[in-house]
Structures are given as C-alpha cells and as structure tokens.
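To be precise, the following lines are model.pdb, and they hold PDB, C-alpha atoms and all ligand atoms.
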```
ATOM      1  CA  MET A1125     -31.687 -67.200 -61.594
ATOM      2  CA  SER A1126     -33.904 -64.125 -61.321
ATOM      3  CA  ALA A1127     -34.988 -61.863 -58.473
ATOM      4  CA  GLY A1128     -31.731 -63.187 -56.964
ATOM      5  CA  MET A1129     -33.313 -66.632 -56.511
ATOM      6  CA  SER A1130     -33.675 -69.737 -58.620
ATOM      7  CA  ARG A1131     -37.233 -70.539 -59.700
ATOM      8  CA  HIS A1132     -36.622 -74.197 -58.937
ATOM      9  CA  GLU A1133     -35.457 -73.422 -55.400
ATOM     10  CA  VAL A1134     -38.482 -71.218 -54.719
ATOM     11  CA  ALA A1135     -40.888 -73.787 -56.199
ATOM     12  CA  GLN A1136     -39.455 -76.486 -53.940
ATOM     13  CA  LYS A1137     -39.877 -74.358 -50.838
ATOM     14  CA  LEU A1138     -43.352 -72.967 -51.560
ATOM     15  CA  ARG A1139     -46.055 -74.368 -49.256
ATOM     16  CA  THR A1140     -49.025 -72.272 -50.383
ATOM     17  CA  HIS A1141     -52.188 -73.487 -52.098
ATOM     18  CA  TRP A1142     -53.073 -70.478 -54.226
ATOM     19  CA  LEU A1143     -50.745 -67.555 -53.445
ATOM     20  CA  GLY A1144     -47.665 -67.388 -55.649
ATOM     21  CA  ARG A1145     -48.448 -70.572 -57.542
ATOM     22  CA  ASP A1146     -48.228 -68.221 -60.535
ATOM     23  CA  LEU A1147     -44.940 -66.549 -59.608
ATOM     24  CA  HIS A1148     -42.947 -64.088 -61.718
ATOM     25  CA  LEU A1149     -39.353 -63.589 -60.612
ATOM     26  CA  LEU A1150     -37.879 -60.473 -62.209
ATOM     27  CA  GLU A1151     -34.527 -58.689 -62.054
ATOM     28  CA  GLN A1152     -35.366 -54.999 -61.884
ATOM     29  CA  VAL A1153     -38.671 -53.191 -62.278
ATOM     30  CA  GLY A1154     -39.875 -49.666 -61.507
ATOM     31  CA  SER A1155     -42.300 -50.870 -58.849
ATOM     32  CA  THR A1156     -43.626 -54.415 -58.418
ATOM     33  CA  ASN A1157     -47.031 -52.863 -57.604
ATOM     34  CA  ASP A1158     -47.080 -51.189 -61.032
ATOM     35  CA  GLU A1159     -45.854 -54.355 -62.715
ATOM     36  CA  ALA A1160     -48.545 -56.434 -60.968
ATOM     37  CA  ALA A1161     -51.241 -53.853 -61.806
ATOM     38  CA  SER A1162     -50.333 -54.008 -65.469
ATOM     39  CA  ARG A1163     -50.425 -57.824 -65.414
ATOM     40  CA  ALA A1164     -53.783 -57.671 -63.607
ATOM     41  CA  ARG A1165     -55.179 -55.417 -66.357
ATOM     42  CA  ALA A1166     -53.999 -58.013 -68.873
ATOM     43  CA  GLY A1167     -56.001 -60.676 -66.997
ATOM     44  CA  ALA A1168     -53.493 -62.288 -64.599
ATOM     45  CA  PRO A1169     -55.414 -64.463 -62.129
ATOM     46  CA  HIS A1170     -56.008 -64.164 -58.382
ATOM     47  CA  GLY A1171     -52.928 -65.175 -56.435
ATOM     48  CA  THR A1172     -50.377 -64.158 -59.077
ATOM     49  CA  VAL A1173     -47.219 -62.792 -57.425
ATOM     50  CA  VAL A1174     -44.575 -60.553 -58.970
ATOM     51  CA  ILE A1175     -41.234 -60.324 -57.198
ATOM     52  CA  ALA A1176     -38.168 -58.332 -58.191
ATOM     53  CA  ASP A1177     -34.555 -58.280 -57.086
ATOM     54  CA  ALA A1178     -34.556 -54.466 -57.268
ATOM     55  CA  GLN A1179     -36.964 -51.579 -57.829
ATOM     56  CA  SER A1180     -35.916 -48.280 -59.390
ATOM     57  CA  ILE A1181     -38.952 -46.400 -58.051
ATOM     58  CA  GLY A1182     -40.180 -48.594 -55.200
ATOM     59  CA  ARG A1183     -43.156 -46.848 -53.657
ATOM     60  CA  GLY A1184     -44.076 -46.539 -49.993
ATOM     61  CA  ARG A1185     -47.228 -45.229 -48.345
ATOM     62  CA  GLN A1186     -48.055 -41.525 -48.313
ATOM     63  CA  GLY A1187     -45.908 -40.801 -51.367
ATOM     64  CA  HIS A1188     -42.659 -42.040 -49.799
ATOM     65  CA  GLN A1189     -40.052 -44.029 -51.713
ATOM     66  CA  TRP A1190     -39.168 -47.572 -50.694
ATOM     67  CA  TYR A1191     -35.439 -48.289 -50.580
ATOM     68  CA  SER A1192     -35.054 -51.212 -52.997
ATOM     69  CA  PRO A1193     -31.408 -52.081 -53.780
ATOM     70  CA  PRO A1194     -30.578 -55.339 -55.605
ATOM     71  CA  GLY A1195     -29.245 -58.479 -53.976
ATOM     72  CA  HIS A1196     -30.622 -58.133 -50.469
ATOM     73  CA  ASN A1197     -34.312 -57.884 -49.770
ATOM     74  CA  LEU A1198     -37.818 -58.906 -50.806
ATOM     75  CA  TYR A1199     -40.063 -56.684 -52.921
ATOM     76  CA  LEU A1200     -43.225 -58.417 -54.015
ATOM     77  CA  SER A1201     -46.789 -57.693 -55.102
ATOM     78  CA  ALA A1202     -49.745 -60.053 -55.130
ATOM     79  CA  ILE A1203     -52.778 -59.768 -57.392
ATOM     80  CA  LEU A1204     -55.903 -60.369 -55.307
ATOM     81  CA  ARG A1205     -59.353 -60.637 -56.803
ATOM     82  CA  LEU A1206     -61.608 -60.582 -53.765
ATOM     83  CA  ALA A1207     -65.381 -60.781 -53.883
ATOM     84  CA  MET A1208     -66.021 -57.914 -51.467
ATOM     85  CA  PRO A1209     -67.018 -54.259 -51.794
ATOM     86  CA  PRO A1210     -64.227 -51.656 -51.718
ATOM     87  CA  ASN A1211     -65.172 -50.418 -48.237
ATOM     88  CA  ALA A1212     -64.595 -53.924 -46.801
ATOM     89  CA  VAL A1213     -61.033 -54.178 -48.144
ATOM     90  CA  PRO A1214     -58.933 -51.975 -45.754
ATOM     91  CA  PRO A1215     -58.424 -54.621 -42.987
ATOM     92  CA  LEU A1216     -56.666 -56.715 -45.637
ATOM     93  CA  THR A1217     -53.640 -54.494 -45.100
ATOM     94  CA  LEU A1218     -53.762 -55.228 -41.358
ATOM     95  CA  ALA A1219     -53.817 -58.941 -42.245
ATOM     96  CA  ALA A1220     -50.748 -58.481 -44.441
ATOM     97  CA  GLY A1221     -48.995 -56.643 -41.603
ATOM     98  CA  ILE A1222     -49.768 -59.497 -39.206
ATOM     99  CA  ALA A1223     -48.454 -62.041 -41.730
ATOM    100  CA  THR A1224     -45.216 -60.114 -42.175
ATOM    101  CA  CYS A1225     -44.824 -59.681 -38.412
ATOM    102  CA  GLU A1226     -45.296 -63.450 -38.005
ATOM    103  CA  VAL A1227     -42.508 -64.124 -40.516
ATOM    104  CA  ALA A1228     -40.107 -62.066 -38.414
ATOM    105  CA  ARG A1229     -41.238 -63.734 -35.185
ATOM    106  CA  CYS A1230     -40.888 -67.228 -36.719
ATOM    107  CA  LEU A1231     -37.294 -66.260 -37.496
ATOM    108  CA  GLY A1232     -36.647 -65.169 -33.917
ATOM    109  CA  VAL A1233     -37.023 -61.430 -34.476
ATOM    110  CA  PRO A1234     -39.405 -59.744 -31.974
ATOM    111  CA  ALA A1235     -41.357 -57.600 -34.430
ATOM    112  CA  SER A1236     -44.513 -55.675 -33.614
ATOM    113  CA  LEU A1237     -47.035 -53.583 -35.532
ATOM    114  CA  LYS A1238     -47.637 -49.873 -35.780
ATOM    115  CA  TRP A1239     -50.957 -48.734 -37.243
ATOM    116  CA  PRO A1240     -51.859 -49.388 -39.905
ATOM    117  CA  ASN A1241     -49.291 -51.915 -41.064
ATOM    118  CA  ASP A1242     -45.701 -50.981 -40.352
ATOM    119  CA  VAL A1243     -43.632 -53.869 -39.054
ATOM    120  CA  LEU A1244     -41.145 -52.575 -36.490
ATOM    121  CA  VAL A1245     -38.347 -53.981 -34.389
ATOM    122  CA  GLY A1246     -37.170 -51.779 -31.527
ATOM    123  CA  GLY A1247     -38.863 -48.806 -33.215
ATOM    124  CA  ARG A1248     -37.092 -49.403 -36.530
ATOM    125  CA  LYS A1249     -38.897 -50.345 -39.686
ATOM    126  CA  LEU A1250     -38.388 -53.884 -40.930
ATOM    127  CA  ALA A1251     -41.183 -54.101 -43.491
ATOM    128  CA  GLY A1252     -44.067 -52.166 -44.982
ATOM    129  CA  ILE A1253     -47.235 -52.830 -46.930
ATOM    130  CA  LEU A1254     -48.683 -50.824 -49.821
ATOM    131  CA  ALA A1255     -52.127 -51.975 -50.971
ATOM    132  CA  GLU A1256     -53.692 -50.359 -54.025
ATOM    133  CA  MET A1257     -57.177 -51.106 -55.242
ATOM    134  CA  SER A1258     -59.002 -50.626 -58.489
ATOM    135  CA  THR A1259     -62.776 -50.452 -58.339
ATOM    136  CA  ARG A1260     -65.700 -50.324 -60.724
ATOM    137  CA  GLY A1261     -68.751 -48.763 -59.064
ATOM    138  CA  ALA A1262     -69.405 -50.759 -55.912
ATOM    139  CA  THR A1263     -67.206 -53.651 -57.050
ATOM    140  CA  THR A1264     -63.585 -54.308 -56.157
ATOM    141  CA  GLU A1265     -61.877 -55.288 -59.397
ATOM    142  CA  VAL A1266     -58.450 -56.038 -58.024
ATOM    143  CA  VAL A1267     -56.243 -55.324 -55.038
ATOM    144  CA  ILE A1268     -52.497 -55.140 -55.549
ATOM    145  CA  LEU A1269     -50.904 -56.040 -52.236
ATOM    146  CA  GLY A1270     -47.265 -54.936 -52.127
ATOM    147  CA  VAL A1271     -44.879 -56.027 -49.402
ATOM    148  CA  GLY A1272     -41.335 -54.808 -48.912
ATOM    149  CA  MET A1273     -39.233 -56.629 -46.342
ATOM    150  CA  ASN A1274     -35.660 -55.754 -45.439
ATOM    151  CA  VAL A1275     -33.983 -59.146 -45.310
ATOM    152  CA  ASN A1276     -30.226 -58.822 -45.784
ATOM    153  CA  SER A1277     -29.493 -55.092 -46.022
ATOM    154  CA  THR A1278     -26.882 -54.116 -43.458
ATOM    155  CA  THR A1279     -26.583 -50.468 -44.442
ATOM    156  CA  PHE A1280     -29.187 -47.907 -45.415
ATOM    157  CA  PRO A1281     -29.032 -44.420 -46.939
ATOM    158  CA  GLN A1282     -28.423 -41.689 -44.405
ATOM    159  CA  ASP A1283     -32.069 -40.638 -44.157
ATOM    160  CA  LEU A1284     -33.046 -44.191 -43.152
ATOM    161  CA  SER A1285     -30.002 -45.133 -41.119
ATOM    162  CA  ARG A1286     -31.688 -44.438 -37.761
ATOM    163  CA  THR A1287     -35.130 -45.674 -38.683
ATOM    164  CA  ALA A1288     -34.695 -48.867 -40.738
ATOM    165  CA  THR A1289     -33.551 -52.363 -39.889
ATOM    166  CA  SER A1290     -33.390 -55.819 -41.478
ATOM    167  CA  LEU A1291     -33.781 -59.437 -40.443
ATOM    168  CA  ARG A1292     -30.044 -59.849 -40.843
ATOM    169  CA  ILE A1293     -29.223 -56.957 -38.519
ATOM    170  CA  GLU A1294     -31.736 -58.154 -35.931
ATOM    171  CA  ARG A1295     -30.383 -61.706 -36.068
ATOM    172  CA  GLY A1296     -26.856 -60.570 -35.286
ATOM    173  CA  GLY A1297     -25.478 -60.375 -38.827
ATOM    174  CA  GLU A1298     -26.282 -63.824 -40.154
ATOM    175  CA  ALA A1299     -27.271 -63.632 -43.870
ATOM    176  CA  MET A1300     -30.636 -65.171 -44.646
ATOM    177  CA  ASP A1301     -31.669 -67.287 -47.609
ATOM    178  CA  ARG A1302     -34.163 -65.045 -49.416
ATOM    179  CA  ALA A1303     -36.005 -68.013 -50.935
ATOM    180  CA  ASP A1304     -36.684 -69.366 -47.417
ATOM    181  CA  VAL A1305     -38.006 -65.999 -46.272
ATOM    182  CA  LEU A1306     -40.101 -65.623 -49.442
ATOM    183  CA  ALA A1307     -41.688 -69.061 -48.992
ATOM    184  CA  LEU A1308     -42.506 -68.266 -45.360
ATOM    185  CA  LEU A1309     -43.869 -64.822 -46.266
ATOM    186  CA  LEU A1310     -46.182 -66.218 -48.953
ATOM    187  CA  PHE A1311     -47.332 -68.960 -46.570
ATOM    188  CA  GLU A1312     -48.192 -66.447 -43.828
ATOM    189  CA  LEU A1313     -49.835 -64.023 -46.265
ATOM    190  CA  GLU A1314     -52.043 -66.800 -47.630
ATOM    191  CA  ARG A1315     -52.944 -67.938 -44.110
ATOM    192  CA  TRP A1316     -53.979 -64.449 -42.927
ATOM    193  CA  ILE A1317     -55.758 -63.501 -46.169
ATOM    194  CA  ASN A1318     -57.723 -66.765 -45.905
ATOM    195  CA  LEU A1319     -58.647 -65.883 -42.326
ATOM    196  CA  PHE A1320     -59.753 -62.396 -43.374
ATOM    197  CA  VAL A1321     -61.935 -63.814 -46.159
ATOM    198  CA  SER A1322     -63.466 -66.559 -43.998
ATOM    199  CA  GLU A1323     -63.862 -64.762 -40.633
ATOM    200  CA  GLY A1324     -63.935 -61.090 -41.647
ATOM    201  CA  ALA A1325     -62.373 -57.996 -40.136
ATOM    202  CA  PRO A1326     -63.009 -58.665 -36.393
ATOM    203  CA  ALA A1327     -60.702 -61.703 -36.347
ATOM    204  CA  ILE A1328     -57.984 -59.691 -38.069
ATOM    205  CA  VAL A1329     -58.374 -56.629 -35.850
ATOM    206  CA  SER A1330     -58.117 -58.701 -32.681
ATOM    207  CA  ALA A1331     -55.006 -60.555 -33.981
ATOM    208  CA  TRP A1332     -53.522 -57.180 -34.943
ATOM    209  CA  LYS A1333     -54.080 -55.800 -31.429
ATOM    210  CA  GLU A1334     -52.250 -58.792 -29.951
ATOM    211  CA  ARG A1335     -49.143 -57.798 -31.912
ATOM    212  CA  THR A1336     -48.932 -54.064 -31.223
ATOM    213  CA  HIS A1337     -47.416 -51.865 -28.490
ATOM    214  CA  PHE A1338     -48.888 -48.863 -30.197
ATOM    215  CA  LEU A1339     -52.252 -48.493 -28.478
ATOM    216  CA  GLY A1340     -52.309 -46.132 -25.506
ATOM    217  CA  GLN A1341     -49.376 -44.064 -26.798
ATOM    218  CA  ARG A1342     -49.405 -40.391 -27.631
ATOM    219  CA  VAL A1343     -49.083 -40.051 -31.400
ATOM    220  CA  SER A1344     -49.230 -37.546 -34.222
ATOM    221  CA  VAL A1345     -51.143 -38.530 -37.315
ATOM    222  CA  LYS A1346     -50.728 -36.828 -40.653
ATOM    223  CA  VAL A1347     -54.100 -36.940 -42.357
ATOM    224  CA  GLU A1348     -53.773 -35.440 -45.811
ATOM    225  CA  ASP A1349     -51.998 -32.121 -45.062
ATOM    226  CA  LYS A1350     -52.966 -31.778 -41.398
ATOM    227  CA  VAL A1351     -51.122 -33.164 -38.381
ATOM    228  CA  VAL A1352     -53.387 -34.202 -35.524
ATOM    229  CA  THR A1353     -52.023 -35.170 -32.114
ATOM    230  CA  GLY A1354     -53.692 -37.377 -29.543
ATOM    231  CA  TRP A1355     -53.743 -40.802 -27.943
ATOM    232  CA  ALA A1356     -54.017 -43.960 -30.024
ATOM    233  CA  MET A1357     -57.059 -45.281 -28.156
ATOM    234  CA  ASP A1358     -58.188 -48.206 -30.254
ATOM    235  CA  VAL A1359     -58.503 -49.743 -33.685
ATOM    236  CA  ASP A1360     -62.159 -50.315 -34.508
ATOM    237  CA  ALA A1361     -63.839 -53.259 -36.191
ATOM    238  CA  ASP A1362     -63.102 -51.803 -39.639
ATOM    239  CA  GLY A1363     -59.418 -51.256 -38.876
ATOM    240  CA  ALA A1364     -59.749 -47.477 -38.410
ATOM    241  CA  LEU A1365     -57.669 -45.741 -35.729
ATOM    242  CA  LEU A1366     -59.561 -43.999 -32.918
ATOM    243  CA  LEU A1367     -57.577 -41.018 -31.760
ATOM    244  CA  GLY A1368     -58.402 -39.364 -28.418
ATOM    245  CA  ARG A1369     -57.946 -35.587 -28.517
ATOM    246  CA  GLU A1370     -56.913 -33.248 -25.693
ATOM    247  CA  ASP A1371     -60.325 -31.568 -25.827
ATOM    248  CA  GLY A1372     -62.028 -34.858 -24.998
ATOM    249  CA  THR A1373     -63.290 -35.507 -28.526
ATOM    250  CA  SER A1374     -62.191 -38.454 -30.577
ATOM    251  CA  LEU A1375     -61.305 -38.728 -34.230
ATOM    252  CA  ARG A1376     -61.718 -41.780 -36.437
ATOM    253  CA  VAL A1377     -58.813 -42.031 -38.890
ATOM    254  CA  LEU A1378     -59.178 -44.351 -41.856
ATOM    255  CA  SER A1379     -55.804 -43.653 -43.403
ATOM    256  CA  GLY A1380     -52.822 -41.590 -42.344
ATOM    257  CA  GLU A1381     -49.193 -41.586 -41.337
ATOM    258  CA  VAL A1382     -48.428 -41.983 -37.656
ATOM    259  CA  THR A1383     -45.402 -40.625 -35.807
ATOM    260  CA  LEU A1384     -44.567 -41.532 -32.224
ATOM    261  CA  PRO A1385     -43.314 -38.699 -30.017
ATOM    262  CA  GLU A1386     -39.812 -40.124 -29.594
ATOM    263  CA  GLY A1387     -39.408 -39.748 -33.333
ATOM    264  CA  GLU A1388     -39.796 -43.432 -34.009
ATOM    265  CA  PRO A1389     -40.701 -44.174 -37.617
TER
HETATM  266  C1  LIG B1401     -44.585 -48.402 -46.602
HETATM  267  O1  LIG B1401     -44.377 -47.212 -46.883
HETATM  268  O2  LIG B1401     -44.472 -48.804 -45.447
HETATM  269  C2  LIG B1401     -44.992 -49.378 -47.660
HETATM  270  C3  LIG B1401     -43.820 -49.932 -48.398
HETATM  271  C4  LIG B1401     -44.208 -50.910 -49.468
HETATM  272  C5  LIG B1401     -43.034 -51.312 -50.330
HETATM  273  C6  LIG B1401     -43.374 -52.437 -51.255
HETATM  274  S1  LIG B1401     -41.946 -53.118 -52.033
HETATM  275  C7  LIG B1401     -42.956 -54.038 -53.087
HETATM  276  C8  LIG B1401     -44.114 -53.156 -53.498
HETATM  277  N1  LIG B1401     -43.764 -52.348 -54.628
HETATM  278  C9  LIG B1401     -43.719 -51.054 -54.338
HETATM  279  O3  LIG B1401     -43.417 -50.144 -55.140
HETATM  280  N2  LIG B1401     -44.010 -50.873 -53.055
HETATM  281  C10 LIG B1401     -44.327 -52.112 -52.391
END
```

Once more with this new file: its structure as structure tokens, please.
Amino acid sequence: MSAGMSRHEVAQKLRTHWLGRDLHLLEQVGSTNDEAASRARAGAPHGTVVIADAQSIGRGRQGHQWYSPPGHNLYLSAILRLAMPPNAVPPLTLAAGIATCEVARCLGVPASLKWPNDVLVGGRKLAGILAEMSTRGATTEVVILGVGMNVNSTTFPQDLSRTATSLRIERGGEAMDRADVLALLLFELERWINLFVSEGAPAIVSAWKERTHFLGQRVSVKVEDKVVTGWAMDVDADGALLLGREDGTSLRVLSGEVTLPEGEP
C-alpha cells in the first residue's frame, strides 16, 4: 500500500497504453512535480507517472500552494517527452484541464473550465493543473504535467473553505475509491494528450470552449504584477486569452491568473 492505494489494485484498473504504465506510488513528497522532474533528469521515460498520498509543499500556479493532505485526494505528475518546440506546448495544459473536467463529468459532477485550466464546480475549484517545462534551445526536453484533484476532502483550511470543493462533496458525501478515479484520470489524460499530439491545438481549443462558461464574462487578469480588467472575449488557436478592454483595445494574454467579479476562484 502506498499513495493510499495498492499497486495491484491500480494496475488492475489501469486502461492506458502508455501513460502511467511506469507508475510510482509514494507516501509523502515535497511536490510530485519536483519528484517527477528529478526522475526525468535521471532518464525516466515518457509516460512515467509519480503519485503521492500527500505533499508537504504542493505547488499551484502563480506561486500558490496546493492543499495536499494525506488520505483523501490525488496529486500526480506525468513525465512527457513531446517532439514539439516549446512555443507549441501551452495548449497541452488546456488538454489536461479538459481531461480532468471529463473525469468529473463521467462521475456525475457538472464541472466546467476556467481559463487556462482550472476545473470548477459551481464556481469552486475541484482540480488544477501545473505544467512545467524544461527546454534546450528550441527543443522541449521534458514537460512535467502536474494534476491535483480534490477527491475525498470534506473540509478545507479557512482560506479555501469558500472556494474549494471535492468530488465527494459534489456527489452528496459518498466517499470515492481513489484508485478508480486515478485510473479514469490517467485514461482521460492519455486520450486528450493523444488528441493534442495528433490533431494539434485547434482541436483542443474547440473542445475546451465547449466546456467553459467563462467566455463573455467580465474578468480581472493578473499578469505578472499588473491587474487588467476586461471581457474574456475568446481563446485563440494557441490557447491564449483575448481580453477586450474598456477603451476598445484587446489584449492577448498567454499566462495569468483570472478572477471573476463575484469573487469566484
Ligand atoms: C493550480 O494552482 O491550479 C495548479 C495546482 C496543481 C497541483 C498539482 S498536485 C500535483 C502536482 N504537484 C504539485 O506540486 N503541484 C501539482
């Protein structure tokens, strides 16, 4: 038993071809992204997945922490060695968001996406994606794709109590088998990564738009240290957000943190 699951049980449930066939189930790590990056540097192959029962310094986007207590949720990182230049990689995170959203929907939870890849239910955050890339010149060496999904947590620290949710909460309190959710998550991630690699960004962007309520809303986007307000007009073919400004101009945002006016996460 490790990562709160038995290896045998996970192996029996896994339906992927290449993702997670090399699977490392760990008890506690600092961050699975860091653990996967160190294994990648040591030569771990494409598709290797590291999953932990708990993280002591789970990392979110934009320097946030990711709440990672033991015994409840999924924290995993995949090592992806993709033959594409670094500037073609960003829509991969949209693909991972779609995959995670699909997991929730398959389990009866009406999740949707907020740009770039937050998975929300009723405005509360169910899951998040943190992709980190290492490059050499114009070559992508490795992408570490981290996914955190709140599965069985029923309580959150005070600062998250109004903004976070879990599959268990959304399904009326029924505890979920984490190995089932893990197998489904890896299956969906593989499916959407395959689609991204075979069809490219446009297929991913259009699938992403089908799963969001975000476009058309007034939003604030924190880009580095500046907050810019406007309308979320569109997501372009590269996955960038097009923000309409009050003065009639538009801004193309490649990466940033979005807040909705009602204070949704
Ligand atoms: C976000 O801020 O929305 C992204 C959260 C990503 C959390 C996951 S948990 C597994 C992996 N390891 C980390 O340290 N972070 C990611």

> So which residues touch Gly1324 (chain A) within 10 Å, counting all atoms listed in the file, skipping near sequence neighbours fewer than 3 positions away, as a PyMOL selection string?
Replying inline: chain A and resi 1212-1213+1215-1216+1317-1321+1327-1329+1361-1362

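The nearest approach to ligand LIG 1401 (chain B) among the residues A:Asn1197, A:Thr1383, A:Ser1155, A:Ser1130, with all atoms listed in the file taken into account, belongs to A:Ser1155.
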
>> Starting from the PyMOL selection byres (((chain A and resi 1382) around 7) and not hetatm), expand the selection into actual residues of this file and give them as JSON, numbers by chain.
In response: {"A": [1343, 1344, 1345, 1346, 1380, 1381, 1383, 1384]}

Work out where the centre of an axis-aligned box around every listed atom of ligand LIG 1401 (chain B) lies and how long its edges are once 3 Å is added on each side; give both in Å to one decimal as JSON.
```
{"center_x": -43.5, "center_y": -50.6, "center_z": -50.3, "size_x": 9.0, "size_y": 12.8, "size_z": 15.7}
```

>> Which residues are close to region 1274-1280 of chain A, i.e. within 7 Å by all atoms listed in the file, leaving aside same-chain residues fewer than 6 positions away? Reply as a list in words.
In response: His1196, Asn1197, Leu1198, Leu1250, Ala1251, Thr1289, Ser1290, Leu1291, Arg1292, Ile1293, Ala1299 and Met1300 of chain A

> So which residues get picked by the PyMOL selection byres (((not hetatm)) within 9 of (chain B and resi 1401)) here, written as a PyMOL selection string?
Replying inline: chain A and resi 1154-1160+1174-1176+1179-1192+1198-1201+1241-1243+1249+1251-1255+1268-1273

> For Glu1226 (chain A), which residue out of A:Thr1373, A:Gly1296, A:Arg1315, A:Asp1304 is the nearest one, using only C-alpha atoms?
Replying inline: A:Arg1315

>> I need the output of the PyMOL selection byres (((chain A and resi 1307) around 9) and not hetatm) for this file as a PyMOL selection string; which residues are they?
In response: chain A and resi 1134-1135+1137-1140+1302-1306+1308-1312

Counting all atoms listed in the file, select every polymer residue within 8 Å of (-45.6, -51.3, -31.1) as defined in the file's coordinates, and provide the selection as a short mmCIF file (atom, residue, chain, number, x, y, z; two decimals) with C-alpha atoms, in the frame of the given file.
```cif
data_model
loop_
_atom_site.label_atom_id
_atom_site.label_comp_id
_atom_site.auth_asym_id
_atom_site.auth_seq_id
_atom_site.Cartn_x
_atom_site.Cartn_y
_atom_site.Cartn_z
CA SER A 1236 -44.51 -55.68 -33.61
CA LEU A 1237 -47.04 -53.58 -35.53
CA LYS A 1238 -47.64 -49.87 -35.78
CA LEU A 1244 -41.14 -52.58 -36.49
CA GLY A 1247 -38.86 -48.81 -33.22
CA ARG A 1335 -49.14 -57.80 -31.91
CA THR A 1336 -48.93 -54.06 -31.22
CA HIS A 1337 -47.42 -51.86 -28.49
CA PHE A 1338 -48.89 -48.86 -30.20
CA LEU A 1339 -52.25 -48.49 -28.48
#
```

>> I'd like the neighbourhood of region 1229-1234 of chain A as a PyMOL selection string, where a residue qualifies if any of its atoms comes within 8 Å (using all atoms listed in the file), though same-chain residues fewer than 5 positions away should be ignored.
In response: chain A and resi 1245+1291+1294-1295

Write out, as a PDB file, keeping the file's coordinate frame, the residues just selected, with C-alpha atoms.
```
ATOM      1  CA  VAL A1245     -38.347 -53.981 -34.389  1.00  0.00           C
ATOM      2  CA  LEU A1291     -33.781 -59.437 -40.443  1.00  0.00           C
ATOM      3  CA  GLU A1294     -31.736 -58.154 -35.931  1.00  0.00           C
ATOM      4  CA  ARG A1295     -30.383 -61.706 -36.068  1.00  0.00           C
TER       5      ARG A1295
END
```
